[in-house]
Protein chains: 2
Amino acid sequence: MSESTRVVVVGAGAIGSFYGAILKRAGCHVSVVLRSEYDAVKANGFRIDSPLGDLSYRPDAVYRDGDTPEGEADYVICCVKVLSSIDRGALIKPWVSDNTRVVLIENGIDIEREVADALPNNPIISCLAFIAVSRVAPGEIEHKAFGALTMGSWPEGVSEECRAIAALFEAGGIDVKRSEAVVGERWRKSLWNTPFNPLSVLAGGADTVTLLDTPGGEALARAMMAEVCAVAAADGYPMPEDAIDKNIAGTRKMPAYINSMALDYLNGRPMEIEAILGNVVDIAHRHGVDVPRLETMRVTFAMREVLGDKQA
Amino acid sequence: MSESTRVVVVGAGAIGSFYGAILKRAGCHVSVVLRSEYDAVKANGFRIDSPLGDLSYRPDAVYRDGDTPEGEADYVICCVKVLSSIDRGALIKPWVSDNTRVVLIENGIDIEREVADALPNNPIISCLAFIAVSRVAPGEIEHKAFGALTMGSWPEGVSEECRAIAALFEAGGIDVKRSEAVVGERWRKSLWNTPFNPLSVLAGGADTVTLLDTPGGEALARAMMAEVCAVAAADGYPMPEDAIDKNIAGTRKMPAYINSMALDYLNGRPMEIEAILGNVVDIAHRHGVDVPRLETMRVTFAMREVLGDKQA
């Protein structure tokens, strides 16, 4: 089967290029849709240094927005950043046929709905990537560590199509966890990301040690995590009782670490505020859950955006 | 009396220079203690443009830290910024004799204690300035509008000494409100400053219209103001019920306005975070009042400071 599986990766940044390489390794026909790095990748393909070995590859096709796809895709892998300025549904629609499954490898809570609304008849497979990977130059990716995926059908279950793509990722050499409740998996990842990512930005791009060692810092992080737990529970995904303790202990064990949103901030790149924080606050409002700390951060970011638009 | 009243202004920035001018106009003997602008003021005195007329003056003495004062001061007017890096008690102590009254013209909550601890035998008169004044060049001040003082003895009452200096300020041409409960006056000013000042900084230096017109902005400001009200009430200074509505309405009536802390932030100057925000949170903790939004901001600023110290 793998020889005939046709994959199109939309948004082939560091994450998309990496998982494209994994599927290529599994024998899939892998095409990519690019924006800024089209010329470099068209000419030279991807160079990917990885602990898994040399994952460099030439995609079977390199497309730009507006190109006409050759053949129908079995899977469209969407690795586009989740930003209110980007209509992901419109972005992937041209690459999706009646029988295409849409695979989202993206961060955040409730990020599937927008895509499902745009493509109501295509199955959606929702994935979380646990990976350290970054782009070092056009078409050049450095895979530092990890790479496991957690995936499930959205909104729930593990469909046949989900099992098939999971098996391909495994054949390519990475660990895959299948989850009957992928939304719950998102909530578990959100328990860390929703407090720490925006907080590190508001603190000026602070690393994890700075955040936790500042007087009141750990207490604030814990209080924000408790707000996330309350929303998750109201949404039907209660977190284990020791989840907060475990997350804090795990963070304390790691060396000082600047999370991806803080890196986006420090490098002037757009941040996934709504996917990571705003959607959690919206869900809290729907369920009448009080989230004063998360709301303070969310509105502060909204103020920054309004101010930025005025200054632009 | 006014001819013989000897005043030393410590921290003669825009505020100190202005109120020194008012007391000079009232016939006082006015000396100033300066740091960076010593040379300019020693040579040329102060130039102060004001709607009240030309308030320019030459101080009767211009001192630097470490100088020996000539004669004893009846009043030391402290207009130093309230920063954890500045020991105001130590700064004013050399200019204070047994009979000197200490007049604080400074922002914030619970900013008197540190000075009272350093000078336990000198009466403290606590003042709030409602003024728009700024420094335009060394020794050159632009007084744009307002200028009224609210003052009282600290921690409460209106002593004879307070009445005397109030009368001198009035003789110099400004309005003075005497308050039997100056701490309550500070809480009333804090109702606006404590939410809006730090929020405008975290929002990137946002003006009042941006803060209030961002979706969720007014609601967040009101919720923070309610936290201030709860702390003030627990501290013995309940706010009138319509205080929040009136403050919001008043802010909406004004044109877009960047507050002084946001200006400090945008100009890279130190900010009075603890005086305006941190002390309110500390008092909340003492009384067991929950202030999640204020605490979120306070800890965020503390994180910024820890990060800044690491990067320095």
# chains A, B, ... in the order shown; residues from 1 in each chain; ligands from 1
$ select_by_dssp --residues "range 77-169 of chain A" --states "strand (DSSP E or B)" --output "PyMOL selection string"
chain A and resi 77-78+101-105+124-137+140-153
$ closest_atom_pairs --of "chain B" --to "chain A" --cutoff "9 Å" --atoms "only C-alpha atoms" --output "JSON lines"
{"residue": "B:Leu199", "atom": "CA", "partner": "A:Thr300", "partner_atom": "CA", "distance": 7.2}
{"residue": "B:Ser200", "atom": "CA", "partner": "A:Thr300", "partner_atom": "CA", "distance": 8.6}
{"residue": "B:Leu202", "atom": "CA", "partner": "A:Thr300", "partner_atom": "CA", "distance": 6.7}
{"residue": "B:Ala203", "atom": "CA", "partner": "A:Arg304", "partner_atom": "CA", "distance": 4.8}
{"residue": "B:Gly204", "atom": "CA", "partner": "A:Arg304", "partner_atom": "CA", "distance": 6.0}
{"residue": "B:Gly205", "atom": "CA", "partner": "A:Leu307", "partner_atom": "CA", "distance": 8.5}
{"residue": "B:Ala206", "atom": "CA", "partner": "A:Leu307", "partner_atom": "CA", "distance": 6.3}
{"residue": "B:Asp207", "atom": "CA", "partner": "A:Leu307", "partner_atom": "CA", "distance": 8.3}
{"residue": "B:Thr210", "atom": "CA", "partner": "A:Leu307", "partner_atom": "CA", "distance": 6.4}
{"residue": "B:Leu211", "atom": "CA", "partner": "A:Met303", "partner_atom": "CA", "distance": 6.1}
{"residue": "B:Leu212", "atom": "CA", "partner": "A:Met303", "partner_atom": "CA", "distance": 8.8}
{"residue": "B:Asp213", "atom": "CA", "partner": "A:Met303", "partner_atom": "CA", "distance": 8.5}
{"residue": "B:Thr214", "atom": "CA", "partner": "A:Met303", "partner_atom": "CA", "distance": 5.6}
{"residue": "B:Pro215", "atom": "CA", "partner": "A:Val299", "partner_atom": "CA", "distance": 7.4}
{"residue": "B:Gly216", "atom": "CA", "partner": "A:Val299", "partner_atom": "CA", "distance": 6.0}
{"residue": "B:Gly217", "atom": "CA", "partner": "A:Val299", "partner_atom": "CA", "distance": 6.2}
{"residue": "B:Leu220", "atom": "CA", "partner": "A:Thr296", "partner_atom": "CA", "distance": 6.8}
{"residue": "B:Ala223", "atom": "CA", "partner": "A:Pro292", "partner_atom": "CA", "distance": 8.8}
{"residue": "B:Pro292", "atom": "CA", "partner": "A:Arg293", "partner_atom": "CA", "distance": 6.0}
{"residue": "B:Arg293", "atom": "CA", "partner": "A:Arg293", "partner_atom": "CA", "distance": 5.6}
{"residue": "B:Leu294", "atom": "CA", "partner": "A:Arg293", "partner_atom": "CA", "distance": 8.9}
{"residue": "B:Glu295", "atom": "CA", "partner": "A:Leu220", "partner_atom": "CA", "distance": 7.9}
{"residue": "B:Thr296", "atom": "CA", "partner": "A:Arg293", "partner_atom": "CA", "distance": 6.1}
{"residue": "B:Met297", "atom": "CA", "partner": "A:Thr296", "partner_atom": "CA", "distance": 8.2}
{"residue": "B:Arg298", "atom": "CA", "partner": "A:Gly216", "partner_atom": "CA", "distance": 8.9}
{"residue": "B:Val299", "atom": "CA", "partner": "A:Gly216", "partner_atom": "CA", "distance": 6.0}
{"residue": "B:Thr300", "atom": "CA", "partner": "A:Ala203", "partner_atom": "CA", "distance": 5.4}
{"residue": "B:Phe301", "atom": "CA", "partner": "A:Ala203", "partner_atom": "CA", "distance": 6.7}
{"residue": "B:Ala302", "atom": "CA", "partner": "A:Thr214", "partner_atom": "CA", "distance": 6.5}
{"residue": "B:Met303", "atom": "CA", "partner": "A:Ala203", "partner_atom": "CA", "distance": 5.6}
{"residue": "B:Arg304", "atom": "CA", "partner": "A:Ala203", "partner_atom": "CA", "distance": 4.8}
{"residue": "B:Glu305", "atom": "CA", "partner": "A:Ala203", "partner_atom": "CA", "distance": 8.5}
{"residue": "B:Val306", "atom": "CA", "partner": "A:Thr214", "partner_atom": "CA", "distance": 6.5}
{"residue": "B:Leu307", "atom": "CA", "partner": "A:Ala206", "partner_atom": "CA", "distance": 6.3}
{"residue": "B:Gly308", "atom": "CA", "partner": "A:Gly204", "partner_atom": "CA", "distance": 8.7}
{"residue": "B:Lys310", "atom": "CA", "partner": "A:Thr210", "partner_atom": "CA", "distance": 8.9}
$ write_last_selection --atoms "N, CA and C atoms" --output "tab-separated table (two decimals), in the first residue's frame"
chain	number	residue	atom	x	y	z
B	199	LEU	N	-1.04	47.67	32.74
B	199	LEU	CA	-1.68	47.05	31.57
B	199	LEU	C	-1.21	47.73	30.28
B	200	SER	N	-1.11	49.03	30.32
B	200	SER	CA	-0.67	49.75	29.11
B	200	SER	C	0.76	49.38	28.75
B	202	LEU	N	2.25	46.33	29.50
B	202	LEU	CA	2.22	44.96	28.98
B	202	LEU	C	1.63	44.92	27.58
B	203	ALA	N	0.75	45.86	27.29
B	203	ALA	CA	0.16	45.93	25.94
B	203	ALA	C	1.08	46.65	24.97
B	204	GLY	N	2.29	46.95	25.38
B	204	GLY	CA	3.27	47.51	24.45
B	204	GLY	C	3.34	49.02	24.44
B	205	GLY	N	2.77	49.66	25.47
B	205	GLY	CA	2.77	51.13	25.51
B	205	GLY	C	1.49	51.68	24.92
B	206	ALA	N	0.39	51.01	25.21
B	206	ALA	CA	-0.89	51.36	24.58
B	206	ALA	C	-1.55	52.56	25.26
B	207	ASP	N	-2.27	53.33	24.46
B	207	ASP	CA	-3.03	54.47	24.96
B	207	ASP	C	-4.38	54.00	25.50
B	210	THR	N	-6.99	52.54	22.99
B	210	THR	CA	-6.66	51.17	22.59
B	210	THR	C	-7.03	50.19	23.69
B	211	LEU	N	-6.70	50.53	24.93
B	211	LEU	CA	-6.99	49.63	26.05
B	211	LEU	C	-8.49	49.37	26.16
B	212	LEU	N	-9.28	50.42	26.06
B	212	LEU	CA	-10.72	50.26	26.29
B	212	LEU	C	-11.45	49.71	25.08
B	213	ASP	N	-10.94	49.96	23.88
B	213	ASP	CA	-11.67	49.54	22.68
B	213	ASP	C	-11.29	48.15	22.20
B	214	THR	N	-10.20	47.59	22.69
B	214	THR	CA	-9.89	46.20	22.36
B	214	THR	C	-11.00	45.31	22.90
B	215	PRO	N	-11.45	44.33	22.10
B	215	PRO	CA	-12.48	43.42	22.63
B	215	PRO	C	-12.04	42.81	23.97
B	216	GLY	N	-12.86	42.93	24.97
B	216	GLY	CA	-12.51	42.43	26.29
B	216	GLY	C	-11.73	43.43	27.13
B	217	GLY	N	-11.30	44.52	26.53
B	217	GLY	CA	-10.44	45.47	27.23
B	217	GLY	C	-11.13	46.18	28.38
B	220	LEU	N	-11.86	43.79	31.17
B	220	LEU	CA	-10.67	43.47	31.95
B	220	LEU	C	-10.30	44.63	32.87
B	223	ALA	N	-12.65	44.62	35.74
B	223	ALA	CA	-12.40	43.52	36.68
B	223	ALA	C	-11.17	43.82	37.53
B	292	PRO	N	-6.40	37.90	41.20
B	292	PRO	CA	-5.70	37.10	40.18
B	292	PRO	C	-5.17	37.92	39.02
B	293	ARG	N	-5.91	38.93	38.61
B	293	ARG	CA	-5.48	39.71	37.44
B	293	ARG	C	-4.31	40.62	37.81
B	294	LEU	N	-4.42	41.29	38.94
B	294	LEU	CA	-3.31	42.15	39.36
B	294	LEU	C	-2.06	41.31	39.62
B	295	GLU	N	-2.27	40.15	40.22
B	295	GLU	CA	-1.14	39.26	40.53
B	295	GLU	C	-0.47	38.78	39.24
B	296	THR	N	-1.26	38.47	38.25
B	296	THR	CA	-0.70	38.04	36.96
B	296	THR	C	0.23	39.13	36.41
B	297	MET	N	-0.24	40.37	36.47
B	297	MET	CA	0.61	41.46	35.96
B	297	MET	C	1.84	41.65	36.83
B	298	ARG	N	1.65	41.59	38.13
B	298	ARG	CA	2.77	41.83	39.04
B	298	ARG	C	3.87	40.80	38.84
B	299	VAL	N	3.49	39.54	38.77
B	299	VAL	CA	4.50	38.49	38.60
B	299	VAL	C	5.14	38.58	37.22
B	300	THR	N	4.36	38.95	36.23
B	300	THR	CA	4.93	39.12	34.88
B	300	THR	C	6.04	40.18	34.90
B	301	PHE	N	5.78	41.30	35.57
B	301	PHE	CA	6.82	42.33	35.67
B	301	PHE	C	8.03	41.82	36.45
B	302	ALA	N	7.77	41.04	37.49
B	302	ALA	CA	8.89	40.48	38.27
B	302	ALA	C	9.73	39.56	37.38
B	303	MET	N	9.06	38.78	36.53
B	303	MET	CA	9.78	37.91	35.60
B	303	MET	C	10.65	38.73	34.65
B	304	ARG	N	10.09	39.82	34.16
B	304	ARG	CA	10.86	40.69	33.28
B	304	ARG	C	12.11	41.21	33.97
B	305	GLU	N	11.95	41.54	35.23
B	305	GLU	CA	13.09	42.09	35.96
B	305	GLU	C	14.15	41.01	36.18
B	306	VAL	N	13.72	39.81	36.55
B	306	VAL	CA	14.67	38.70	36.72
B	306	VAL	C	15.39	38.43	35.40
B	307	LEU	N	14.63	38.41	34.32
B	307	LEU	CA	15.24	38.16	33.00
B	307	LEU	C	16.22	39.28	32.65
B	308	GLY	N	15.80	40.51	32.91
B	308	GLY	CA	16.68	41.65	32.61
B	308	GLY	C	17.98	41.60	33.40
B	310	LYS	N	19.42	38.90	34.47
B	310	LYS	CA	20.25	37.83	33.90
B	310	LYS	C	20.95	38.29	32.63
$ residues_around --residues "Arg64 in chain B" --least-positions-apart "6" --cutoff "9 Å" --atoms "only C-alpha atoms" --output "PyMOL selection string"
chain B and resi 32-35+38
$ residues_around --residues "range 230-247 of chain B" --least-positions-apart "4" --cutoff "10 Å" --atoms "only C-alpha atoms" --output "PyMOL selection string"
chain B and resi 181+183-192+221-226+251-253+280-291
$ atom_distance --atom1 "CA of Ala12 in chain B" --atom2 "CA of Cys78 in chain B"
8.5 Å
$ residues_around --residues "Glu160 in chain A" --least-positions-apart "2" --cutoff "12 Å" --atoms "only C-alpha atoms" --output "list in words"
Arg101, Pro123, Ile124, Ile125, Gly152, Ser153, Gly157, Val158, Cys162, Arg163, Ala164, Ile165, Ala166, Ala167 and Arg178 of chain A
$ residues_around --residues "Asp67 in chain B" --least-positions-apart "3" --cutoff "10 Å" --atoms "only C-alpha atoms" --output "PyMOL selection string"
chain B and resi 33+62-64+70+94-95
$ write_last_selection --atoms "C-alpha atoms" --output "compact mmCIF listing (two decimals), in the first residue's frame"
# COMPACT_ATOMS: atom_id res chain seq x y z
CA VAL B 33 19.22 68.50 45.64
CA VAL B 62 21.80 73.91 44.61
CA TYR B 63 23.14 70.75 46.26
CA ARG B 64 24.42 67.39 45.20
CA GLU B 70 23.45 75.23 55.09
CA PRO B 94 21.08 64.05 55.26
CA TRP B 95 18.71 66.98 54.60
$ select_by_dssp --residues "range 71-257 of chain A" --states "helix (DSSP H, G or I)" --output "tab-separated table (two decimals) with N, CA and C atoms, in the first residue's frame"
chain	number	residue	atom	x	y	z
A	88	ARG	N	-6.77	28.50	6.82
A	88	ARG	CA	-6.20	27.20	6.51
A	88	ARG	C	-7.12	26.36	5.62
A	89	GLY	N	-8.42	26.53	5.82
A	89	GLY	CA	-9.36	25.79	4.98
A	89	GLY	C	-9.15	26.14	3.51
A	90	ALA	N	-9.11	27.44	3.24
A	90	ALA	CA	-8.92	27.88	1.85
A	90	ALA	C	-7.55	27.46	1.32
A	91	LEU	N	-6.57	27.43	2.19
A	91	LEU	CA	-5.20	27.12	1.78
A	91	LEU	C	-5.06	25.66	1.34
A	92	ILE	N	-5.74	24.75	2.04
A	92	ILE	CA	-5.54	23.33	1.69
A	92	ILE	C	-6.60	22.81	0.71
A	93	LYS	N	-7.71	23.54	0.58
A	93	LYS	CA	-8.81	23.06	-0.25
A	93	LYS	C	-8.38	22.64	-1.66
A	94	PRO	N	-7.53	23.44	-2.35
A	94	PRO	CA	-7.17	23.05	-3.73
A	94	PRO	C	-6.46	21.70	-3.82
A	95	TRP	N	-5.91	21.20	-2.75
A	95	TRP	CA	-5.14	19.96	-2.77
A	95	TRP	C	-5.96	18.77	-2.28
A	113	ARG	N	-11.79	22.75	13.90
A	113	ARG	CA	-13.14	23.15	13.47
A	113	ARG	C	-13.12	23.97	12.18
A	114	GLU	N	-12.20	24.93	12.12
A	114	GLU	CA	-12.14	25.80	10.95
A	114	GLU	C	-11.90	24.98	9.67
A	115	VAL	N	-11.05	23.97	9.76
A	115	VAL	CA	-10.74	23.13	8.60
A	115	VAL	C	-11.93	22.23	8.28
A	116	ALA	N	-12.55	21.69	9.33
A	116	ALA	CA	-13.71	20.82	9.13
A	116	ALA	C	-14.86	21.58	8.49
A	117	ASP	N	-15.02	22.85	8.88
A	117	ASP	CA	-16.09	23.66	8.29
A	117	ASP	C	-15.84	23.88	6.80
A	118	ALA	N	-14.57	24.04	6.43
A	118	ALA	CA	-14.24	24.28	5.02
A	118	ALA	C	-14.31	22.99	4.20
A	160	GLU	N	-10.03	3.83	10.31
A	160	GLU	CA	-9.17	3.03	9.43
A	160	GLU	C	-8.11	3.92	8.76
A	161	GLU	N	-8.54	5.06	8.27
A	161	GLU	CA	-7.60	5.98	7.61
A	161	GLU	C	-6.54	6.46	8.59
A	162	CYS	N	-6.95	6.67	9.82
A	162	CYS	CA	-6.00	7.12	10.85
A	162	CYS	C	-4.98	6.02	11.10
A	163	ARG	N	-5.46	4.78	11.23
A	163	ARG	CA	-4.53	3.66	11.44
A	163	ARG	C	-3.53	3.54	10.29
A	164	ALA	N	-4.02	3.79	9.08
A	164	ALA	CA	-3.15	3.63	7.90
A	164	ALA	C	-2.03	4.67	7.91
A	165	ILE	N	-2.36	5.92	8.17
A	165	ILE	CA	-1.30	6.94	8.15
A	165	ILE	C	-0.38	6.77	9.36
A	166	ALA	N	-0.94	6.33	10.49
A	166	ALA	CA	-0.12	6.07	11.67
A	166	ALA	C	0.93	5.00	11.34
A	167	ALA	N	0.49	3.95	10.66
A	167	ALA	CA	1.41	2.86	10.30
A	167	ALA	C	2.50	3.38	9.36
A	168	LEU	N	2.16	4.30	8.48
A	168	LEU	CA	3.17	4.85	7.57
A	168	LEU	C	4.21	5.68	8.34
A	169	PHE	N	3.75	6.50	9.27
A	169	PHE	CA	4.70	7.27	10.08
A	169	PHE	C	5.62	6.32	10.85
A	170	GLU	N	5.06	5.25	11.38
A	170	GLU	CA	5.88	4.27	12.09
A	170	GLU	C	6.88	3.60	11.15
A	171	ALA	N	6.41	3.26	9.96
A	171	ALA	CA	7.30	2.63	8.97
A	171	ALA	C	8.45	3.58	8.64
A	182	VAL	N	-8.43	12.36	20.84
A	182	VAL	CA	-7.29	13.25	20.55
A	182	VAL	C	-7.51	14.65	21.13
A	183	VAL	N	-8.76	15.05	21.28
A	183	VAL	CA	-9.02	16.37	21.88
A	183	VAL	C	-8.49	16.39	23.32
A	184	GLY	N	-8.67	15.27	24.03
A	184	GLY	CA	-8.12	15.17	25.38
A	184	GLY	C	-6.60	15.27	25.38
A	185	GLU	N	-5.97	14.68	24.34
A	185	GLU	CA	-4.51	14.81	24.21
A	185	GLU	C	-4.12	16.27	24.02
A	186	ARG	N	-4.90	16.97	23.22
A	186	ARG	CA	-4.63	18.41	23.03
A	186	ARG	C	-4.74	19.16	24.35
A	187	TRP	N	-5.75	18.82	25.14
A	187	TRP	CA	-5.89	19.48	26.44
A	187	TRP	C	-4.66	19.20	27.32
A	188	ARG	N	-4.16	17.96	27.26
A	188	ARG	CA	-3.00	17.64	28.10
A	188	ARG	C	-1.78	18.44	27.69
A	189	LYS	N	-1.59	18.61	26.37
A	189	LYS	CA	-0.46	19.44	25.93
A	189	LYS	C	-0.70	20.91	26.28
A	190	SER	N	-1.97	21.29	26.19
A	190	SER	CA	-2.36	22.67	26.48
A	190	SER	C	-2.10	23.04	27.94
A	191	LEU	N	-2.13	22.03	28.78
A	191	LEU	CA	-1.92	22.30	30.21
A	191	LEU	C	-0.60	23.04	30.42
A	192	TRP	N	0.41	22.70	29.64
A	192	TRP	CA	1.70	23.41	29.72
A	192	TRP	C	1.71	24.63	28.81
A	193	ASN	N	1.34	24.40	27.55
A	193	ASN	CA	1.52	25.47	26.55
A	193	ASN	C	0.69	26.71	26.85
A	194	THR	N	-0.56	26.50	27.27
A	194	THR	CA	-1.47	27.65	27.42
A	194	THR	C	-0.98	28.63	28.48
A	195	PRO	N	-0.46	28.17	29.62
A	195	PRO	CA	0.14	29.14	30.54
A	195	PRO	C	1.55	29.59	30.12
A	196	PHE	N	2.41	28.64	29.83
A	196	PHE	CA	3.83	28.97	29.71
A	196	PHE	C	4.14	29.76	28.43
A	197	ASN	N	3.53	29.40	27.32
A	197	ASN	CA	3.89	30.09	26.08
A	197	ASN	C	3.59	31.59	26.14
A	198	PRO	N	2.34	31.97	26.41
A	198	PRO	CA	2.10	33.42	26.43
A	198	PRO	C	2.81	34.12	27.59
A	199	LEU	N	2.89	33.46	28.73
A	199	LEU	CA	3.56	34.09	29.88
A	199	LEU	C	5.02	34.40	29.54
A	200	SER	N	5.69	33.48	28.87
A	200	SER	CA	7.09	33.72	28.53
A	200	SER	C	7.23	34.90	27.58
A	201	VAL	N	6.22	35.11	26.73
A	201	VAL	CA	6.26	36.26	25.82
A	201	VAL	C	6.04	37.56	26.60
A	202	LEU	N	5.01	37.57	27.44
A	202	LEU	CA	4.74	38.79	28.21
A	202	LEU	C	5.91	39.13	29.13
A	208	THR	N	12.22	28.92	30.85
A	208	THR	CA	11.44	28.23	31.89
A	208	THR	C	12.01	28.44	33.30
A	209	VAL	N	13.32	28.49	33.42
A	209	VAL	CA	13.89	28.67	34.76
A	209	VAL	C	13.56	30.06	35.30
A	210	THR	N	13.66	31.04	34.45
A	210	THR	CA	13.29	32.40	34.87
A	210	THR	C	11.82	32.44	35.30
A	211	LEU	N	10.97	31.83	34.52
A	211	LEU	CA	9.54	31.85	34.84
A	211	LEU	C	9.27	31.21	36.21
A	212	LEU	N	9.89	30.06	36.46
A	212	LEU	CA	9.58	29.34	37.69
A	212	LEU	C	10.31	29.89	38.91
A	213	ASP	N	11.49	30.48	38.69
A	213	ASP	CA	12.28	30.95	39.84
A	213	ASP	C	11.96	32.38	40.27
A	217	GLY	N	6.38	33.12	40.63
A	217	GLY	CA	6.29	32.57	39.27
A	217	GLY	C	5.68	31.18	39.22
A	218	GLU	N	6.19	30.29	40.06
A	218	GLU	CA	5.62	28.93	40.03
A	218	GLU	C	4.16	28.95	40.48
A	219	ALA	N	3.87	29.75	41.48
A	219	ALA	CA	2.48	29.82	41.95
A	219	ALA	C	1.56	30.33	40.84
A	220	LEU	N	2.02	31.32	40.09
A	220	LEU	CA	1.20	31.84	39.00
A	220	LEU	C	1.02	30.78	37.91
A	221	ALA	N	2.12	30.10	37.56
A	221	ALA	CA	2.02	29.05	36.54
A	221	ALA	C	1.04	27.97	36.98
A	222	ARG	N	1.12	27.57	38.25
A	222	ARG	CA	0.20	26.56	38.77
A	222	ARG	C	-1.25	27.05	38.73
A	223	ALA	N	-1.45	28.30	39.10
A	223	ALA	CA	-2.82	28.84	39.10
A	223	ALA	C	-3.37	28.88	37.67
A	224	MET	N	-2.51	29.22	36.71
A	224	MET	CA	-2.96	29.23	35.31
A	224	MET	C	-3.25	27.81	34.83
A	225	MET	N	-2.42	26.87	35.23
A	225	MET	CA	-2.65	25.47	34.84
A	225	MET	C	-3.96	24.97	35.44
A	226	ALA	N	-4.25	25.40	36.67
A	226	ALA	CA	-5.52	25.00	37.28
A	226	ALA	C	-6.69	25.56	36.48
A	227	GLU	N	-6.53	26.77	35.95
A	227	GLU	CA	-7.59	27.32	35.10
A	227	GLU	C	-7.77	26.45	33.85
A	228	VAL	N	-6.66	26.03	33.23
A	228	VAL	CA	-6.76	25.16	32.05
A	228	VAL	C	-7.46	23.85	32.42
A	229	CYS	N	-7.09	23.28	33.56
A	229	CYS	CA	-7.73	22.03	34.01
A	229	CYS	C	-9.23	22.21	34.15
A	230	ALA	N	-9.64	23.34	34.71
A	230	ALA	CA	-11.07	23.57	34.93
A	230	ALA	C	-11.80	23.65	33.59
A	231	VAL	N	-11.19	24.30	32.62
A	231	VAL	CA	-11.84	24.41	31.31
A	231	VAL	C	-11.89	23.05	30.63
A	232	ALA	N	-10.78	22.32	30.70
A	232	ALA	CA	-10.73	20.99	30.07
A	232	ALA	C	-11.81	20.09	30.67
A	233	ALA	N	-11.94	20.12	31.98
A	233	ALA	CA	-12.94	19.29	32.64
A	233	ALA	C	-14.35	19.69	32.20
A	234	ALA	N	-14.60	21.00	32.14
A	234	ALA	CA	-15.92	21.47	31.70
A	234	ALA	C	-16.18	21.06	30.26
A	243	ALA	N	-1.63	16.08	37.42
A	243	ALA	CA	-1.11	16.58	36.14
A	243	ALA	C	-0.25	17.84	36.34
A	244	ILE	N	-0.73	18.73	37.20
A	244	ILE	CA	0.00	19.99	37.39
A	244	ILE	C	1.34	19.71	38.07
A	245	ASP	N	1.31	18.94	39.15
A	245	ASP	CA	2.57	18.60	39.84
A	245	ASP	C	3.57	17.98	38.87
A	246	LYS	N	3.09	17.04	38.07
A	246	LYS	CA	3.99	16.35	37.14
A	246	LYS	C	4.57	17.30	36.10
A	247	ASN	N	3.73	18.21	35.60
A	247	ASN	CA	4.22	19.16	34.60
A	247	ASN	C	5.26	20.10	35.19
A	248	ILE	N	5.01	20.56	36.40
A	248	ILE	CA	5.97	21.47	37.05
A	248	ILE	C	7.27	20.72	37.32
A	249	ALA	N	7.15	19.51	37.86
A	249	ALA	CA	8.36	18.74	38.16
A	249	ALA	C	9.15	18.46	36.88
A	250	GLY	N	8.44	18.10	35.81
A	250	GLY	CA	9.11	17.85	34.54
A	250	GLY	C	9.82	19.08	34.02
A	251	THR	N	9.18	20.23	34.17
A	251	THR	CA	9.78	21.48	33.69
A	251	THR	C	11.02	21.81	34.52
A	252	ARG	N	10.94	21.56	35.81
A	252	ARG	CA	12.07	21.86	36.70
A	252	ARG	C	13.26	20.95	36.39
A	253	LYS	N	12.98	19.76	35.87
A	253	LYS	CA	14.06	18.83	35.57
A	253	LYS	C	14.84	19.24	34.32
